[in-house]
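work-v5.cif (mmCIF, C-alpha atoms)
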data_start
loop_
_atom_site.label_atom_id
_atom_site.label_comp_id
_atom_site.auth_asym_id
_atom_site.auth_seq_id
_atom_site.Cartn_x
_atom_site.Cartn_y
_atom_site.Cartn_z
CA MET A 1 5.51 20.58 0.15
CA LEU A 2 5.02 17.77 -2.33
CA ASP A 3 5.48 18.60 -5.99
CA GLU A 4 2.64 18.01 -8.40
CA ARG A 5 3.96 14.72 -9.75
CA THR A 6 4.31 13.30 -6.23
CA MET A 7 0.81 14.47 -5.26
CA VAL A 8 -0.59 12.70 -8.33
CA GLU A 9 1.28 9.52 -7.41
CA LEU A 10 0.03 9.68 -3.83
CA GLY A 11 -3.55 10.22 -4.97
CA ALA A 12 -3.32 7.33 -7.42
CA LEU A 13 -1.95 4.97 -4.76
CA LEU A 14 -4.70 5.90 -2.31
CA GLU A 15 -7.39 5.60 -4.95
CA ALA A 16 -6.25 2.20 -6.23
CA SER A 17 -5.99 0.57 -2.83
CA SER A 18 -8.76 -1.00 -0.84
CA VAL A 19 -6.77 -2.66 1.95
CA ALA A 20 -4.38 -1.35 4.55
CA SER A 21 -1.91 -3.00 6.89
CA LEU A 22 -3.05 -1.84 10.30
CA ALA A 23 -0.55 -1.80 13.15
CA THR A 24 -1.97 -1.71 16.66
CA LEU A 25 -0.69 -2.28 20.17
CA HIS A 26 -1.70 -5.62 21.59
CA GLU A 27 -0.95 -5.77 25.30
CA GLY A 28 2.16 -3.72 24.59
CA PHE A 29 3.29 -5.85 21.65
CA PRO A 30 3.15 -4.65 18.06
CA ALA A 31 0.42 -6.35 16.01
CA VAL A 32 -0.46 -6.05 12.34
CA SER A 33 -3.58 -7.02 10.45
CA LEU A 34 -5.18 -6.54 7.06
CA THR A 35 -8.17 -4.21 6.93
CA PRO A 36 -10.32 -2.85 4.13
CA TRP A 37 -10.40 0.94 4.31
CA ALA A 38 -11.97 3.93 2.62
CA PRO A 39 -11.32 7.66 2.72
CA ALA A 40 -13.78 9.85 4.64
CA ASP A 41 -15.73 12.23 2.40
CA ASP A 42 -13.75 15.27 3.43
CA GLY A 43 -10.44 13.39 3.21
CA GLY A 44 -9.82 14.02 6.89
CA ALA A 45 -9.61 10.41 8.00
CA LEU A 46 -9.28 6.80 6.95
CA LEU A 47 -12.35 4.72 7.72
CA VAL A 48 -12.25 1.09 8.71
CA HIS A 49 -15.25 -1.13 9.40
CA VAL A 50 -14.26 -3.76 11.90
CA SER A 51 -15.74 -6.51 14.00
CA ARG A 52 -15.63 -6.50 17.77
CA LEU A 53 -14.56 -10.12 17.46
CA ALA A 54 -11.31 -9.08 15.78
CA GLN A 55 -8.19 -8.44 17.81
CA HIS A 56 -7.39 -5.13 16.10
CA THR A 57 -10.74 -3.77 17.31
CA SER A 58 -10.13 -4.57 20.96
CA ASP A 59 -6.59 -3.26 20.51
CA MET A 60 -7.90 0.10 19.20
CA LEU A 61 -10.42 0.32 22.02
CA ALA A 62 -7.66 -0.31 24.58
CA ASP A 63 -5.11 2.04 22.96
CA ALA A 64 -6.16 4.33 20.11
CA ARG A 65 -2.66 4.74 18.65
CA VAL A 66 -2.36 3.04 15.26
CA ALA A 67 -0.38 3.12 12.06
CA ALA A 68 -1.84 2.21 8.68
CA MET A 69 0.18 1.39 5.59
CA ILE A 70 -1.19 1.39 2.09
CA ALA A 71 1.15 -0.17 -0.44
CA GLU A 72 1.15 -0.91 -4.11
CA PRO A 73 0.72 -4.68 -4.50
CA GLU A 74 3.82 -6.57 -5.54
CA GLY A 75 3.74 -8.41 -8.82
CA SER A 76 4.06 -5.52 -11.22
CA GLY A 77 7.78 -6.19 -11.65
CA THR A 78 8.73 -3.27 -9.42
CA LEU A 79 11.61 -4.20 -7.12
CA ALA A 80 10.13 -5.02 -3.69
CA GLN A 81 11.96 -2.24 -1.84
CA ALA A 82 10.83 0.35 -4.40
CA LEU A 83 7.10 -0.37 -4.14
CA PRO A 84 5.22 2.87 -3.49
CA ARG A 85 3.64 2.97 -0.03
CA VAL A 86 2.29 5.50 2.39
CA THR A 87 2.30 5.11 6.16
CA ILE A 88 -0.11 7.08 8.28
CA ARG A 89 0.28 7.31 12.04
CA GLY A 90 -2.85 8.36 13.80
CA ILE A 91 -5.51 7.96 16.40
CA ALA A 92 -8.47 5.62 15.94
CA ARG A 93 -11.87 6.79 17.14
CA GLU A 94 -15.03 4.70 17.08
CA ILE A 95 -17.88 6.54 15.39
CA ASP A 96 -21.10 6.53 17.39
CA ARG A 97 -23.70 4.56 15.45
CA SER A 98 -26.45 7.02 16.34
CA SER A 99 -24.55 10.11 15.12
CA PRO A 100 -25.11 11.83 11.75
CA GLU A 101 -21.38 11.27 11.14
CA TYR A 102 -22.06 7.52 11.10
CA GLU A 103 -24.33 7.69 8.04
CA THR A 104 -21.85 9.84 6.13
CA ALA A 105 -19.01 7.48 7.02
CA LYS A 106 -21.09 4.44 6.08
CA SER A 107 -21.83 5.92 2.65
CA ALA A 108 -18.17 6.77 2.09
CA TYR A 109 -17.14 3.26 3.10
CA LEU A 110 -19.70 1.57 0.88
CA ALA A 111 -18.66 3.74 -2.07
CA ARG A 112 -15.35 1.88 -2.05
CA HIS A 113 -16.66 -1.46 -0.75
CA PRO A 114 -20.12 -1.92 -2.25
CA ARG A 115 -19.99 -5.67 -1.64
CA SER A 116 -19.67 -5.07 2.11
CA ALA A 117 -23.22 -3.78 2.54
CA MET A 118 -24.30 -6.91 4.38
CA THR A 119 -21.68 -6.44 7.11
CA PHE A 120 -23.52 -3.26 8.14
CA GLY A 121 -26.38 -5.46 9.26
CA LEU A 122 -24.15 -7.25 11.76
CA GLY A 123 -24.29 -6.00 15.33
CA ASP A 124 -20.64 -6.57 16.12
CA PHE A 125 -19.29 -4.24 13.44
CA SER A 126 -18.46 -0.60 13.89
CA ILE A 127 -16.69 2.16 11.97
CA PHE A 128 -13.49 3.68 13.27
CA ALA A 129 -12.09 6.93 11.89
CA ILE A 130 -8.31 7.01 11.88
CA GLU A 131 -7.27 10.63 12.18
CA PRO A 132 -3.80 11.19 10.74
CA HIS A 133 -1.06 12.76 12.82
CA ALA A 134 2.00 12.08 10.68
CA THR A 135 2.30 10.70 7.17
CA ARG A 136 5.29 9.40 5.23
CA PHE A 137 5.12 8.59 1.51
CA ILE A 138 7.76 6.47 -0.16
CA ALA A 139 7.14 6.99 -3.85
CA GLY A 140 10.07 4.86 -5.01
CA PHE A 141 13.84 4.54 -4.65
CA GLY A 142 15.27 7.53 -2.82
CA ARG A 143 11.94 9.31 -2.97
CA ALA A 144 10.66 9.59 0.61
CA PHE A 145 8.47 12.49 1.66
CA ASP A 146 6.76 13.81 4.76
CA VAL A 147 3.18 14.56 3.82
CA GLY A 148 1.43 17.49 5.46
CA ARG A 149 -2.01 17.04 6.92
CA GLU A 150 -3.66 19.17 4.24
CA GLU A 151 -1.77 17.44 1.48
CA LEU A 152 -2.97 14.08 2.72
CA GLN A 153 -6.51 15.38 3.00
CA GLN A 154 -6.36 16.64 -0.59
CA ALA A 155 -4.94 13.31 -1.82
CA LEU A 156 -7.65 11.35 0.02
CA ARG A 157 -10.43 13.58 -1.26
CA ARG A 158 -9.67 13.50 -4.96
CA MET B 1 -3.08 -29.14 13.39
CA LEU B 2 -3.62 -27.74 9.93
CA ASP B 3 -5.14 -30.06 7.36
CA GLU B 4 -3.25 -30.80 4.16
CA ARG B 5 -5.16 -28.33 2.01
CA THR B 6 -4.48 -25.49 4.46
CA MET B 7 -0.78 -26.37 4.71
CA VAL B 8 -0.56 -26.24 0.90
CA GLU B 9 -2.27 -22.85 0.87
CA LEU B 10 0.03 -21.51 3.57
CA GLY B 11 3.11 -22.75 1.75
CA ALA B 12 1.92 -21.22 -1.54
CA LEU B 13 1.28 -17.85 0.10
CA LEU B 14 4.72 -17.81 1.72
CA GLU B 15 6.41 -18.90 -1.48
CA ALA B 16 4.69 -16.33 -3.69
CA SER B 17 5.38 -13.35 -1.46
CA SER B 18 8.52 -11.28 -1.33
CA VAL B 19 7.38 -8.42 0.90
CA ALA B 20 6.03 -8.28 4.44
CA SER B 21 4.29 -5.60 6.46
CA LEU B 22 6.53 -5.24 9.48
CA ALA B 23 5.06 -3.84 12.68
CA THR B 24 7.52 -2.49 15.23
CA LEU B 25 7.36 -0.36 18.35
CA HIS B 26 8.51 3.19 17.76
CA GLU B 27 8.93 4.99 21.06
CA GLY B 28 5.94 3.08 22.35
CA PHE B 29 3.79 3.79 19.28
CA PRO B 30 2.89 1.14 16.73
CA ALA B 31 4.69 1.56 13.42
CA VAL B 32 4.41 -0.37 10.17
CA SER B 33 6.69 -0.57 7.17
CA LEU B 34 7.17 -2.61 4.01
CA THR B 35 10.14 -4.97 4.00
CA PRO B 36 11.39 -7.57 1.56
CA TRP B 37 11.82 -10.89 3.34
CA ALA B 38 12.99 -14.42 2.73
CA PRO B 39 12.68 -17.69 4.65
CA ALA B 40 15.76 -18.99 6.45
CA ASP B 41 17.09 -22.24 4.99
CA ASP B 42 15.77 -24.38 7.81
CA GLY B 43 12.44 -22.54 7.84
CA GLY B 44 13.05 -21.45 11.43
CA ALA B 45 12.92 -17.71 10.84
CA LEU B 46 12.02 -14.92 8.47
CA LEU B 47 15.03 -12.96 7.26
CA VAL B 48 14.96 -9.25 6.54
CA HIS B 49 17.85 -7.18 5.20
CA VAL B 50 17.50 -3.66 6.46
CA SER B 51 19.36 -0.39 6.59
CA ARG B 52 20.43 1.27 9.81
CA LEU B 53 19.06 4.45 8.29
CA ALA B 54 15.53 3.04 8.35
CA GLN B 55 13.25 3.58 11.32
CA HIS B 56 12.21 -0.08 11.57
CA THR B 57 15.86 -1.02 12.14
CA SER B 58 16.37 1.34 15.06
CA ASP B 59 12.97 0.22 16.35
CA MET B 60 14.05 -3.45 16.30
CA LEU B 61 17.33 -2.62 18.01
CA ALA B 62 15.48 -0.73 20.75
CA ASP B 63 12.72 -3.34 21.21
CA ALA B 64 13.00 -6.70 19.47
CA ARG B 65 9.28 -7.46 19.52
CA VAL B 66 7.80 -7.40 16.01
CA ALA B 67 4.92 -8.72 13.97
CA ALA B 68 5.17 -9.49 10.27
CA MET B 69 2.23 -9.96 7.94
CA ILE B 70 2.44 -11.59 4.54
CA ALA B 71 -0.69 -11.11 2.47
CA GLU B 72 -1.90 -12.06 -0.96
CA PRO B 73 -1.90 -8.88 -3.06
CA GLU B 74 -5.30 -7.41 -3.79
CA GLY B 75 -6.40 -7.21 -7.37
CA SER B 76 -7.23 -10.84 -8.04
CA GLY B 77 -10.93 -10.14 -7.53
CA THR B 78 -10.92 -11.70 -4.07
CA LEU B 79 -12.98 -9.65 -1.63
CA ALA B 80 -10.57 -7.54 0.44
CA GLN B 81 -11.52 -9.08 3.77
CA ALA B 82 -11.07 -12.60 2.40
CA LEU B 83 -7.51 -12.12 1.12
CA PRO B 84 -5.28 -14.87 2.51
CA ARG B 85 -2.70 -13.58 4.97
CA VAL B 86 -0.46 -14.88 7.69
CA THR B 87 0.68 -12.88 10.69
CA ILE B 88 3.77 -13.90 12.60
CA ARG B 89 4.59 -12.45 15.99
CA GLY B 90 8.20 -12.85 16.95
CA ILE B 91 11.51 -11.55 18.14
CA ALA B 92 13.97 -9.87 15.80
CA ARG B 93 17.67 -10.64 16.26
CA GLU B 94 20.48 -9.04 14.29
CA ILE B 95 22.79 -11.64 12.79
CA ASP B 96 26.46 -11.00 13.47
CA ARG B 97 28.17 -10.28 10.17
CA SER B 98 31.24 -12.29 11.14
CA SER B 99 29.27 -15.45 12.05
CA PRO B 100 28.87 -18.50 9.78
CA GLU B 101 25.12 -17.97 10.19
CA TYR B 102 25.47 -14.71 8.29
CA GLU B 103 26.67 -16.36 5.08
CA THR B 104 23.89 -18.94 5.20
CA ALA B 105 21.31 -16.22 5.79
CA LYS B 106 22.75 -14.06 3.01
CA SER B 107 22.48 -16.94 0.53
CA ALA B 108 18.92 -17.68 1.59
CA TYR B 109 17.98 -14.01 1.24
CA LEU B 110 19.58 -13.67 -2.19
CA ALA B 111 17.85 -16.81 -3.41
CA ARG B 112 14.59 -14.90 -3.15
CA HIS B 113 15.97 -11.44 -3.92
CA PRO B 114 18.74 -11.93 -6.48
CA ARG B 115 18.53 -8.30 -7.57
CA SER B 116 19.45 -7.16 -4.03
CA ALA B 117 23.04 -8.40 -4.22
CA MET B 118 24.40 -4.87 -4.36
CA THR B 119 22.82 -3.90 -1.04
CA PHE B 120 25.12 -6.44 0.64
CA GLY B 121 28.03 -4.20 -0.27
CA LEU B 122 26.56 -1.33 1.75
CA GLY B 123 27.91 -0.91 5.27
CA ASP B 124 24.64 0.25 6.82
CA PHE B 125 22.70 -2.92 6.00
CA SER B 126 22.33 -5.93 8.22
CA ILE B 127 20.26 -9.11 8.37
CA PHE B 128 17.76 -9.68 11.13
CA ALA B 129 16.24 -13.08 11.82
CA ILE B 130 12.65 -12.88 13.02
CA GLU B 131 12.04 -15.91 15.20
CA PRO B 132 8.35 -16.79 15.31
CA HIS B 133 6.52 -17.09 18.60
CA ALA B 134 2.90 -17.17 17.44
CA THR B 135 1.41 -17.45 13.99
CA ARG B 136 -2.11 -16.92 12.72
CA PHE B 137 -3.19 -17.82 9.20
CA ILE B 138 -6.36 -16.46 7.68
CA ALA B 139 -6.89 -18.57 4.61
CA GLY B 140 -10.20 -16.96 3.62
CA PHE B 141 -13.68 -16.24 4.96
CA GLY B 142 -14.21 -18.01 8.26
CA ARG B 143 -10.97 -19.93 7.87
CA ALA B 144 -8.62 -18.71 10.59
CA PHE B 145 -6.00 -21.01 12.07
CA ASP B 146 -3.33 -20.96 14.72
CA VAL B 147 -0.19 -22.31 13.13
CA GLY B 148 2.20 -24.34 15.25
CA ARG B 149 5.89 -23.57 15.21
CA GLU B 150 6.78 -26.77 13.38
CA GLU B 151 3.98 -26.28 10.88
CA LEU B 152 5.26 -22.81 10.07
CA GLN B 153 8.78 -24.11 9.77
CA GLN B 154 7.61 -26.79 7.36
CA ALA B 155 5.67 -24.27 5.29
CA LEU B 156 8.63 -21.89 5.15
CA ARG B 157 11.06 -24.66 4.21
CA ARG B 158 9.20 -26.17 1.26
#
Let's see the structure in the file written out as structure tokens.
Amino acid sequence: MLDERTMVELGALLEASSVASLATLHEGFPAVSLTPWAPADDGGALLVHVSRLAQHTSDMLADARVAAMIAEPEGSGTLAQALPRVTIRGIAREIDRSSPEYETAKSAYLARHPRSAMTFGLGDFSIFAIEPHATRFIAGFGRAFDVGREELQQALRR
Amino acid sequence: MLDERTMVELGALLEASSVASLATLHEGFPAVSLTPWAPADDGGALLVHVSRLAQHTSDMLADARVAAMIAEPEGSGTLAQALPRVTIRGIAREIDRSSPEYETAKSAYLARHPRSAMTFGLGDFSIFAIEPHATRFIAGFGRAFDVGREELQQALRR
């Protein structure tokens, strides 16, 4: 169980961030890319809106196992190894464009990325929901926590 | 071949950054972590100084294939998907602490991370050199480039 201070820190990190480092498997090799993300409305998933032309998309379609890291940007004077970051291991699932879930996910995504509206007009883009299986939060030096699924959901939903 | 403007941008990104997103294989799953890094003196590798207690270290010892991403921090007003970033796929090799290479690597690392000197006194830390095999630079919207090995070396060395 995270204490209240740590929950607040986790929520603040997730709220302030709009990009994640997305690790995928590329023909068995580890790959990492930068991806804008948004929390699903119910906090149950991370949403990414990705192009079929991008390698991470074909990677996720070939093997749904991913890890996403959201980190506080460097530059604040915080020592690099103490930067708060959360790493979420999970499974990526493409959301069917004709499902009601798609419209909800699209709205949630655009709430964080209003300037991305035009990419929803492009045929090669789709939304993937990354459903978390295990989450680790490093809040600072010597402050590493396992985050329960409901705790993460609460932090994403705030 | 990168043009001069792109080489300057790549060099500036590499020079400004002190942390990388490091993707490793963890029991066959993709994993991602935040790691301070520094360029090797000759520009031929990225250096990371990591603890044996950290998962990425045991991952690299079990499977040397890694990918490291260095990205411009968000917050400058640049649209998230246009943030400059470079992704380097490579092989991680632990540097023998008793080799002359170790002292050179330590100096290069401390030049970028002077406040990390005390971690070199800890027995569980070691330096890994990540030797690049393939590099991709996304300089902005619609500006994606394959970076040759010598170009990367030049950009890291500046």
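Taking all atoms listed in the file into account, chain A lies nearest to B:Val66 out of the set B:Leu14, B:Val66, B:Leu53, B:Met118.
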Using the chain letters and numbers from the file, which residues does the PyMOL selection byres ((chain B and resi 69-71) around 7) grab, as number ranges by chain? A: 32-33; B: 17, 19-22, 67-68, 72-73, 84-88
Output the residue selection produced by the PyMOL selection byres ((chain A and resi 136) around 6) on the file above, formatted as a PyMOL selection string. chain A and resi 86-87+135+137+145-147
Considering all atoms listed in the file, return as a PDB file with C-alpha atoms, keeping the file's coordinate frame whatever protein or nucleic-acid residues lie within 10 Å of B:His26, sequence-local ones (same chain, fewer than 4 positions apart) excluded.
ATOM      1  CA  PRO A  30       3.150  -4.650  18.060  1.00  0.00           C
TER       2      PRO A  30
ATOM      3  CA  PRO B  30       2.890   1.140  16.730  1.00  0.00           C
ATOM      4  CA  ALA B  31       4.690   1.560  13.420  1.00  0.00           C
ATOM      5  CA  VAL B  32       4.410  -0.370  10.170  1.00  0.00           C
ATOM      6  CA  GLN B  55      13.250   3.580  11.320  1.00  0.00           C
ATOM      7  CA  HIS B  56      12.210  -0.080  11.570  1.00  0.00           C
ATOM      8  CA  SER B  58      16.370   1.340  15.060  1.00  0.00           C
ATOM      9  CA  ASP B  59      12.970   0.220  16.350  1.00  0.00           C
ATOM     10  CA  MET B  60      14.050  -3.450  16.300  1.00  0.00           C
ATOM     11  CA  ALA B  62      15.480  -0.730  20.750  1.00  0.00           C
ATOM     12  CA  ASP B  63      12.720  -3.340  21.210  1.00  0.00           C
TER      13      ASP B  63
END
Rounded to one decimal in Å, what is the spacing between atom CA of A:Arg5 and atom CA of A:Arg149? 17.9 Å
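Among the candidates A:Asp124, A:Glu74, A:Asp41, A:Glu94, the one nearest to chain B when counting all atoms listed in the file is A:Glu74.
Interatomic distance, atom CA of B:Gln81 against atom CA of B:Arg112: 27.6 Å.
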Pick the closest to chain B from A:Ile95, A:Ala12, A:Ala129, A:Ala144: which is it, counting all atoms listed in the file?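 For chain B, the nearest of the candidates is A:Ala144.
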Nearest residue to A:Arg157 from the set A:Ala45, A:Ala82, A:Ala117, A:Ile138 (distances using only C-alpha atoms):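 That would be A:Ala45, the residue with the smallest distance to A:Arg157.
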Where does the PyMOL selection byres ((chain B and resi 90) around 7) land in this file, that is, which residues does it pick, as a VMD selection string? chain B and resid 65 to 67 88 to 89 91 to 92 130 to 134
Can you pull out the residues contacting A:Leu110? Cut-off 12 Å, using only C-alpha atoms, and skip same-chain residues under 2 positions away; I want them as a PyMOL selection string. chain A and resi 18+36-41+47-49+103-108+112-120+127
Padding 8 Å on every side, please: axis-aligned box over the listed atoms of stretch 94-105 of chain B, centre and edge lengths to one decimal in Å, as JSON.
{"center_x": 25.9, "center_y": -14.0, "center_z": 9.7, "size_x": 26.8, "size_y": 25.9, "size_z": 25.2}
Atomic distance atom CA of A:Arg143 - atom CA of A:Val8, expressed in Å with one decimal: 14.0 Å
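Candidate residues B:Tyr109, B:Leu25, B:Leu152, B:Glu4 were compared for distance to B:Ala64, and the nearest is B:Leu25, using all atoms listed in the file.
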Using only C-alpha atoms for the distances, tell me which of A:Ala139, A:Met7, A:Leu46, A:Leu79 is nearest to chain B. A:Leu79
